[in-house]
Each structure stands twice: as structure tokens, then as C-alpha cells.
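Structure first, commentary second.
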Amino acid sequence: MNDSTLLPHSDDPRDPPPSRLDSWPDLLSGRHLAIVLAMASGVLLYAMNLYFTAALMPSIAAEIGGQQYYAWVTTGFVISAIVASLFVSRILDWRGPALAYAVSFVLFAIGAAAIAASPTMELLIVGRVIQGLGGGLLAGLGYAVIRAALPERHWARATGIVSAMWGLGTLFGPALGGAFAELGLWRGSYGALAVTSLLFALVARGAFAGVSGSGQRAPVPIASLVLLVMATVAISVSAIVPVGWPTLAMIGIGLLLLVLFFTIERRSRETILPHMTYRRGNSLKWIYVTVAALSAGVMVENFIPLFGQQLAGLSPLLAGLLGAVMSLAWVIAQLFVVSVNRESSRRRAIRLGPLLLTAGLIGYGLLQVAGADGARALMWIAALTLAGAGIGLAWPLLGVAAMSSTHDPVEGGKAAAAITSTQLISFSITSALAGALLAAGGESALDSARYVTLGIALLTLPGIFAAGVATRK
């Protein structure tokens with residue numbers, strides 16, 4: 001990676017001086033604003049929908065039954081989203097962002113409408129799979145289109161906005177889902193999602209008018225794709241099989257399939273990840289490892305409200321607010337860091353991010369006690385704020401580093417799209433492992449909380465090393 005990887009610039013002599021245009025007002029005006037709105041709305045729909053559905057599931061199961069398929073509502077959505085995210089760069093190269101976004105939003109709307117009309121849990125899962133296909137495309141396009149549709153001087157800020165949508169999704173998703181559940185309107189909520197998605201499709205069509213793809217139809221790397229999907233499915237299934245040797249067996253099979261995936265990718269002409277990922281001495285692989293580590297840390301948010309209620313006796317509202325601390329710190333930190341222009345400062349921010357995240361999670365894990373009082377809860381808030389700030393400091397700059405890693409538009413598109421694929425795969429794997437760790441705690445809420453938090457901290461630990469290598473000159 002050369003020095004320009006972490007410092008956006010423009011080599012086009014026709015561009016006005018960066019001193020006038022490298023700013024928030026320029027990004028959030030005119031056509032740039034429409035582009036950012038389309039990208040951000042797609043990622044927000046995906047991120048919010050995860051937590052939105054989790055809050056509605058008790059009401060859904062009470063009405064249509066199918067509790068035995070409860071876990072598959074999320075698993076089916078996530079797996080189909082991962083599969084879809086792997087095709088983002090190919091669809092973008094072939095037909096351009098306007099059609100790509102139209103297809104994505106329409107798929108998401110069809111899935112949401114199918115869920116709203118589902119009489120059984122089995123049909124609802126089919127709707128979730130369709131919705132996941134649209135959602136995976138939307139999440140991947142959010143990063144990939146930045147490179148194609150915006151000037152390089154805006155990549156960091158646009159990446160910050162798009163990644164902030166993940167944090168906002170965790171803030172508003174549970175609240176909206178809970179509100180619709182309280183009103184008994186879960187079907188209406190998915191109907192509203194479908195209509196909203198179609199409206200955003202119209203916005204995207206206008207925003208990307210005139211931005212075309214290369215027309216290339218790159219072959220699909222079938223072997224790599226099959227292995228990666230099988231690995232994700234195996235690890236995801238480990239969360240819903242009986243705890244014990246079946247869990248370990250499925251995780252082991254998934255990890256073996258991941259090793260085979262990377263082996264096949266390294267030797268293939270057509271790959272899912274950019275070819276440069278597998279070149280000796282290239283830093284892109286370490287960028288992805290860092291992204292995976294940060295993504296793993298995000299999954300702690302799913303369990304914070306549960307631990308708050310069990311260990312501190314917090315009300316559902318206060319426990320939910322505690323769960324939002326990481327997201328809030330994440331959003332605030334990245335809105336500051338994307339305005340940093342000095343390359344050396346950006347490198348330090350990337351290196352500091354995984355370190356703060358890991359330290360915050362370890363602190364939060366070690367501070368957990370049964371019967372925690374208000375003072376202890378304030379310590380939790382401090383630790384979670386530290387962890388969230390770590391994610392926010394590094395995340396948008398890693399996106400810019402990946403997008404800037406090559407001048408080849410095809411490889412650059414792959415590099416940007418692979419950020420989301422890496423993120424979703426990390427979410428899936430960490431969620432499955434966390435589920436196993438939660439169950440390993442047995443009836444002890446304290447043991448479960450410590451196993452999950454410190455176990456995830458172990459997954460974020462390699463990110464400290466990877467971030468150092470990724471930013472090395």
C-alpha cells in the first residue's frame with residue numbers, strides 16, 4: 001500500500017482546489033446529497049431491519065406459531081445477505097448503480113411484503129430470505145458505489161456517513177420494532193418497510209442517472225462462492241444445534257471450509273476478493289482482518305441489554321439505552337475522524353481503533369458482577385464508550401484504505417464491496433460463537449456475560465496487530 005491509500009486526493013487537474021470542495025457542505029448538496037441519501041438509506045434499512053425484526057419476533061411467533069423455526073428467521077436473512085453481497089461488484093460493473101439499487105430496493109420490498117402477508121413461519125422465512133438478498137446488495141453497494149459515484153476527496157466523509165448507518169440501525173431498530181409490537185401492528189410495519197424501500201428506489205434511480213457500469217460480465221467464481229456459503233451456513237447452524245459436540249463440530253467444519261475457500265481463491269483466475277488480497281506484501285488482507293475484528297466487537301451490542309437486566313436489574317428501557325452506548329460513541333467518533341486530513345493522524349486512528357475496542361470490551365467484561373449498582377453501571381458505560389469510540393475511529397478510514405488500494409476500477413470495486421462481505425461474515429460467525437458462549441454459562445448469568453464479552457474480546461484482539469501491519473509504510 002502506498003501513502004495515498006489513507007489520504008484521499010484527486011489527480012484530475014479539472015477539479016477545483018480541495019480547500020473549497022473538500023468539505024461537508026459540498027458533499028451534502030446538489031447531486032452529491034442525492035447519492036449519499038441513496039447509499040445511506042440502503043445500509044440503514046439493512047442494519048435497522050436486523051434489530052427491528054428481533055423486537056417483533058415474540059409478537060410474530062405468538063400469532064402465526066412456528067417457534068421451532070425462530071432462529072432461522074435471522075439465520076436465513078443473514079446467509080442470503082452474505083450471498084448477495086458477493087455479487088455487488090459484478091452487478092455494479094455490468095449495469096451500473098442505478099439498476100443495481102433499483103433491483104436491491106425492489107427485492108427488499110418484495111421480501112417485506114411477503115413477510116407482512118405470511119400466514120405461517122415457513123413462508124415468513126422465505127420472505128426473509130428474499131429480503132436478505134435485497135439487503136445484502138444494499139449493504140454492499142453502500143461502500144462500493146462511493147468509489148464509482150463520488151470524487152475521491154469525499155470518500156472518507158461518505159464512508160463515515162454510510163458506516164454511521166450501522167450505528168443508527170442499532171439505535172432506532174429496536175425502538176421502532178418495539179413500538180410496532182406494542183401497537184400490535186407487526187404486519188403493518190413490514191408493509192411500511194416495503195413502501196419506504198420502493199420510494200428509496202425512485203430516489204436512487206434519479207441520483208445515479210448517467211452513472212453507467214463498464215458493461216463487463218465477469219464470470220462468477222462458483223467454487224469460491226460455494227465454499228464460502230457452506231462455511232457461513234455451517235458456522236451459523238452451530239448456534240441452533242444442541243450445545244456440546246454438535247456445536248464444536250459445526251464450527252470446526254465451518255473453519256475448515258474457510259481454509260479451503262482461501263486456498264481456492266489464491267489459485268483461481270476469477271475470485272470474490274480482489275487478486276491483490278493474496279499478493280505477498282500487500283496490505284489489503286490486513287485491512288479486511290481489521291474490519292472483521294471491529295465487526296466482531298459490534299456483536300456485543302446484541303447482549304448488553306440482556307446483561308443489564310440480569311446483572312443490574314435495569315428496566316427494559318434503561319437496559320436498551322445501555323445497549324445503545326457503543327453505537328452512539330461509534331457514530332460521534334467517526335464523524336470527527338473523517339475530517340482529519342493528515343495521513344499520519346489517519347494511520348494513528350486506524351491503529352488506535354482496535355486497541356480501544358479490545359480494551360473497552362475487556363474492561364466491560366471484568367467489571368461485570370451480579371447485583372451491580374448504579375456506580376458499577378456507570379463504569380460499564382465508560383468501558384462501552386471506549387469500545388464504541390475505537391470502532392468509530394478506525395472504520396471509515398479502513399473503507400477509504402480499501403477503496404484507494406488500486407487504480408484498477410474493477411479491482412477497486414471488488415475491494416470496496418468486499419468490506420461489506422467481510423463485515424457480514426464476521427457478524428454471522430461472531431453471533432454463532434457468542435450464542436455458544438452464552439449457553440456455556442448455563443444458569444449463571446454472570447458466567448454467561450463474562451464468557452460472551454471476553455470471548456468476543458479475543459476475536460477483536462488480532463485486529464490490533466492487523467491494523468499495525470495495514471498502516472505500515
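Please note that chains go A, B, ... in the order of the C-alpha cells, that every chain numbers its residues from 1, and that ligands are numbered from 1 in the order shown.
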Original post:
Skipping near chain neighbours, those fewer than 4 positions away, what residues fall within 7 Å of stretch 348-354 of chain A using only C-alpha atoms, listed as a ChimeraX atom specification?
Top reply: /A:294,344,358,390-391,393-394,397,460,463-464,467-468
Subject >> Who sits within 12 Å of stretch 436-441 of chain A, only C-alpha atoms, same chain under 5 positions skipped, as a ChimeraX atom specification >> reply: /A:235-248,250-251,300,302-303,306-307,429-431,446-456
Need the shell around A:Leu322: protein/DNA/RNA residues with any atom at most 8 Å away, counting only C-alpha atoms. Skip same-chain ones fewer than 6 positions apart. Format as a PDB file with N, CA and C atoms, in the first residue's frame?
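Wrote out31.pdb, looks like this:
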ATOM      1  N   ILE A 304     -25.830  -6.704  25.421  1.00  0.00           N
ATOM      2  CA  ILE A 304     -25.726  -5.732  26.516  1.00  0.00           C
ATOM      3  C   ILE A 304     -27.057  -5.520  27.235  1.00  0.00           C
ATOM      4  N   PRO A 305     -28.197  -5.343  26.525  1.00  0.00           N
ATOM      5  CA  PRO A 305     -29.462  -5.174  27.258  1.00  0.00           C
ATOM      6  C   PRO A 305     -29.799  -6.376  28.138  1.00  0.00           C
ATOM      7  N   GLY A 308     -27.588  -6.234  31.195  1.00  0.00           N
ATOM      8  CA  GLY A 308     -28.001  -5.135  32.059  1.00  0.00           C
ATOM      9  C   GLY A 308     -29.197  -5.495  32.920  1.00  0.00           C
ATOM     10  N   ILE A 381     -20.748   1.947  31.304  1.00  0.00           N
ATOM     11  CA  ILE A 381     -20.944   2.971  30.273  1.00  0.00           C
ATOM     12  C   ILE A 381     -19.598   3.513  29.792  1.00  0.00           C
TER      13      ILE A 381
END
**OP:** For atom CA of A:Gly365 and atom CA of A:Leu311, quote the distance in Å rounded to one decimal.
**Re:**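 Here the two named atoms are 12.0 Å from each other.
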Original post:
Using only C-alpha atoms, which residues sit within 6 Å of A:Ile125 once same-chain residues fewer than 3 positions away are excluded, as an MDAnalysis selection string?
Top reply: chainID A and resid 73 122 128
Put those residues in a file: N, CA and C atoms, as a PDB file, in the first residue's frame.
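File selection.pdb, as written:
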ATOM      1  N   VAL A  73     -35.288 -17.348  11.259  1.00  0.00           N
ATOM      2  CA  VAL A  73     -35.745 -16.054  10.742  1.00  0.00           C
ATOM      3  C   VAL A  73     -34.551 -15.113  10.560  1.00  0.00           C
ATOM      4  N   GLU A 122     -42.979 -20.690   8.120  1.00  0.00           N
ATOM      5  CA  GLU A 122     -42.200 -21.176   6.989  1.00  0.00           C
ATOM      6  C   GLU A 122     -42.214 -20.167   5.839  1.00  0.00           C
ATOM      7  N   ARG A 128     -38.072 -13.564   4.401  1.00  0.00           N
ATOM      8  CA  ARG A 128     -36.831 -13.045   4.991  1.00  0.00           C
ATOM      9  C   ARG A 128     -35.631 -13.335   4.095  1.00  0.00           C
TER      10      ARG A 128
END
**OP:** Pick out the residues sitting within 12 Å of A:Ala62, and hand them over as a list of chain:residue names; count only C-alpha atoms, and ignore anything fewer than 2 positions along from it in its own chain.
**Re:**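 The filter keeps A:Leu56, A:Met57, A:Pro58, A:Ser59, A:Ile60, A:Ile64, A:Gly65, A:Gly66, A:Gln67, A:Tyr70, A:Thr120, A:Met121, A:Ala181, A:Gly184, A:Trp186.
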**OP:** Mind listing the alpha helix (DSSP H) residues of stretch 86-261 of chain A, per DSSP on the backbone, as number ranges by chain?
**Re:** A: 88-95, 97-117, 121-149, 155-182, 186-207, 222-237, 245-261
Could you turn the residues from that selection into a file that holds C-alpha atoms, as a tab-separated table (two decimals), in the first residue's frame?
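Dumped to result-v4.tsv:
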chain	number	residue	atom	x	y	z
A	88	VAL	CA	-22.24	-6.47	-5.68
A	89	SER	CA	-19.13	-5.60	-7.69
A	90	ARG	CA	-20.25	-7.76	-10.62
A	91	ILE	CA	-23.71	-6.19	-10.85
A	92	LEU	CA	-22.20	-2.74	-10.48
A	93	ASP	CA	-19.67	-3.32	-13.28
A	94	TRP	CA	-22.28	-4.84	-15.56
A	95	ARG	CA	-25.20	-2.40	-15.35
A	97	PRO	CA	-25.51	1.75	-9.75
A	98	ALA	CA	-28.96	2.93	-10.93
A	99	LEU	CA	-30.17	-0.53	-11.91
A	100	ALA	CA	-28.26	-2.20	-9.07
A	101	TYR	CA	-30.04	-0.05	-6.49
A	102	ALA	CA	-33.41	-0.47	-8.20
A	103	VAL	CA	-33.10	-4.27	-8.08
A	104	SER	CA	-31.89	-4.17	-4.47
A	105	PHE	CA	-34.67	-1.95	-3.14
A	106	VAL	CA	-37.35	-3.87	-5.08
A	107	LEU	CA	-36.11	-7.23	-3.73
A	108	PHE	CA	-36.13	-5.79	-0.22
A	109	ALA	CA	-39.68	-4.51	-0.75
A	110	ILE	CA	-40.91	-7.86	-2.13
A	111	GLY	CA	-39.44	-9.66	0.87
A	112	ALA	CA	-41.00	-7.21	3.33
A	113	ALA	CA	-44.40	-7.52	1.61
A	114	ALA	CA	-44.16	-11.31	1.71
A	115	ILE	CA	-43.44	-11.16	5.44
A	116	ALA	CA	-46.41	-8.88	6.03
A	117	ALA	CA	-48.70	-11.36	4.27
A	121	MET	CA	-43.49	-19.10	9.91
A	122	GLU	CA	-42.20	-21.18	6.99
A	123	LEU	CA	-43.47	-18.64	4.45
A	124	LEU	CA	-42.21	-15.79	6.61
A	125	ILE	CA	-38.70	-17.28	6.43
A	126	VAL	CA	-38.99	-17.36	2.62
A	127	GLY	CA	-39.83	-13.65	2.74
A	128	ARG	CA	-36.83	-13.05	4.99
A	129	VAL	CA	-34.53	-14.82	2.53
A	130	ILE	CA	-35.79	-12.59	-0.32
A	131	GLN	CA	-35.44	-9.54	1.90
A	132	GLY	CA	-31.91	-10.64	2.78
A	133	LEU	CA	-30.95	-10.78	-0.89
A	134	GLY	CA	-32.02	-7.17	-1.33
A	135	GLY	CA	-30.47	-6.15	1.98
A	136	GLY	CA	-27.12	-7.76	1.20
A	137	LEU	CA	-26.94	-5.89	-2.10
A	138	LEU	CA	-27.89	-2.61	-0.39
A	139	ALA	CA	-25.27	-3.05	2.33
A	140	GLY	CA	-22.55	-3.86	-0.22
A	141	LEU	CA	-23.50	-1.08	-2.61
A	142	GLY	CA	-23.25	1.43	0.23
A	143	TYR	CA	-19.44	1.17	0.13
A	144	ALA	CA	-18.84	0.08	-3.46
A	145	VAL	CA	-20.73	2.98	-5.06
A	146	ILE	CA	-18.73	5.59	-3.15
A	147	ARG	CA	-15.73	4.81	-5.32
A	148	ALA	CA	-17.68	4.99	-8.58
A	149	ALA	CA	-20.02	7.92	-7.95
A	155	TRP	CA	-14.57	9.16	0.16
A	156	ALA	CA	-13.75	9.47	3.87
A	157	ARG	CA	-16.81	11.55	4.76
A	158	ALA	CA	-19.14	9.43	2.63
A	159	THR	CA	-17.74	6.26	4.18
A	160	GLY	CA	-18.28	7.80	7.62
A	161	ILE	CA	-21.92	8.54	6.82
A	162	VAL	CA	-22.57	5.08	5.42
A	163	SER	CA	-20.88	3.31	8.34
A	164	ALA	CA	-22.76	5.55	10.78
A	165	MET	CA	-25.96	3.95	9.49
A	166	TRP	CA	-24.95	0.70	11.17
A	167	GLY	CA	-24.80	2.53	14.48
A	168	LEU	CA	-28.08	4.33	13.87
A	169	GLY	CA	-29.68	1.00	12.96
A	170	THR	CA	-28.87	-0.37	16.40
A	171	LEU	CA	-30.21	2.82	17.99
A	172	PHE	CA	-33.57	3.03	16.22
A	173	GLY	CA	-34.26	-0.54	15.10
A	174	PRO	CA	-35.21	-1.97	18.49
A	175	ALA	CA	-37.25	1.11	19.42
A	176	LEU	CA	-39.30	1.07	16.21
A	177	GLY	CA	-39.79	-2.68	16.37
A	178	GLY	CA	-40.89	-2.46	19.99
A	179	ALA	CA	-43.32	0.36	19.20
A	180	PHE	CA	-45.00	-1.59	16.39
A	181	ALA	CA	-45.12	-4.70	18.58
A	182	GLU	CA	-46.72	-2.72	21.40
A	186	TRP	CA	-46.20	-6.10	13.06
A	187	ARG	CA	-47.72	-6.77	9.64
A	188	GLY	CA	-48.22	-3.08	9.06
A	189	SER	CA	-44.60	-2.41	9.98
A	190	TYR	CA	-43.35	-4.63	7.16
A	191	GLY	CA	-45.84	-3.06	4.80
A	192	ALA	CA	-44.38	0.32	5.69
A	193	LEU	CA	-40.87	-1.05	5.06
A	194	ALA	CA	-41.94	-2.22	1.61
A	195	VAL	CA	-43.36	1.17	0.67
A	196	THR	CA	-40.31	3.00	2.06
A	197	SER	CA	-38.00	0.75	0.09
A	198	LEU	CA	-39.84	1.48	-3.18
A	199	LEU	CA	-39.63	5.22	-2.51
A	200	PHE	CA	-35.88	4.96	-1.99
A	201	ALA	CA	-35.65	3.03	-5.28
A	202	LEU	CA	-37.00	6.11	-7.04
A	203	VAL	CA	-34.50	8.35	-5.23
A	204	ALA	CA	-31.61	6.08	-6.24
A	205	ARG	CA	-32.74	5.95	-9.86
A	206	GLY	CA	-32.56	9.74	-10.09
A	207	ALA	CA	-29.35	10.05	-8.06
A	222	ILE	CA	-18.51	-20.85	-8.42
A	223	ALA	CA	-16.02	-22.88	-6.36
A	224	SER	CA	-15.12	-19.96	-4.10
A	225	LEU	CA	-18.75	-18.93	-3.75
A	226	VAL	CA	-19.97	-22.42	-2.81
A	227	LEU	CA	-17.21	-22.91	-0.23
A	228	LEU	CA	-17.79	-19.52	1.39
A	229	VAL	CA	-21.56	-20.02	1.59
A	230	MET	CA	-21.14	-23.53	3.01
A	231	ALA	CA	-18.69	-22.23	5.62
A	232	THR	CA	-21.06	-19.44	6.66
A	233	VAL	CA	-24.01	-21.83	6.86
A	234	ALA	CA	-22.05	-24.35	8.94
A	235	ILE	CA	-20.91	-21.76	11.46
A	236	SER	CA	-24.37	-20.15	11.58
A	237	VAL	CA	-26.01	-23.52	12.22
A	245	TRP	CA	-20.06	-31.63	20.45
A	246	PRO	CA	-22.56	-30.71	17.68
A	247	THR	CA	-21.68	-27.04	18.23
A	248	LEU	CA	-17.95	-27.70	18.09
A	249	ALA	CA	-18.36	-29.96	15.05
A	250	MET	CA	-20.24	-27.34	13.04
A	251	ILE	CA	-17.73	-24.61	13.97
A	252	GLY	CA	-14.86	-26.91	13.02
A	253	ILE	CA	-16.45	-27.75	9.67
A	254	GLY	CA	-17.06	-24.06	9.00
A	255	LEU	CA	-13.44	-23.10	9.76
A	256	LEU	CA	-12.14	-25.93	7.56
A	257	LEU	CA	-14.33	-24.73	4.69
A	258	LEU	CA	-12.98	-21.19	5.18
A	259	VAL	CA	-9.42	-22.51	4.84
A	260	LEU	CA	-10.41	-24.30	1.63
A	261	PHE	CA	-12.05	-21.10	0.39
**OP:** Go through A:Ala61, A:Leu424, A:Met403, A:Ala34 and flag the residue nearest A:Ile287, using only C-alpha atoms for the distances.
**Re:**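 Of the candidates, the smallest distance to A:Ile287 is held by A:Met403.
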Original post:
Hey, which of A:Leu284, A:Val338, A:Ala387, A:Met299 ends up closest to A:Val469? Count only C-alpha atoms.
Top reply: A:Leu284
Subject >> Selection: 8 Å around A:Leu86, only C-alpha atoms, excl. self and same-chain fewer than 4 positions, as number ranges by chain >> reply: A: 82, 225, 272, 417-418, 421
Subject >> Nearest to A:Thr420 by atom-to-atom distance, counting only C-alpha atoms, from A:Gln334, A:Ser85, A:Thr471, A:Ser315 >> reply: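 With only C-alpha atoms as the atom set, the closest residue is A:Ser85.
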Original post:
Expressed in Å to a single decimal, how great is the separation between atom CA of A:Ala370 and atom CA of A:Leu317?
Top reply: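 Answer for the atom CA of A:Ala370 to atom CA of A:Leu317 separation: 19.5 Å.
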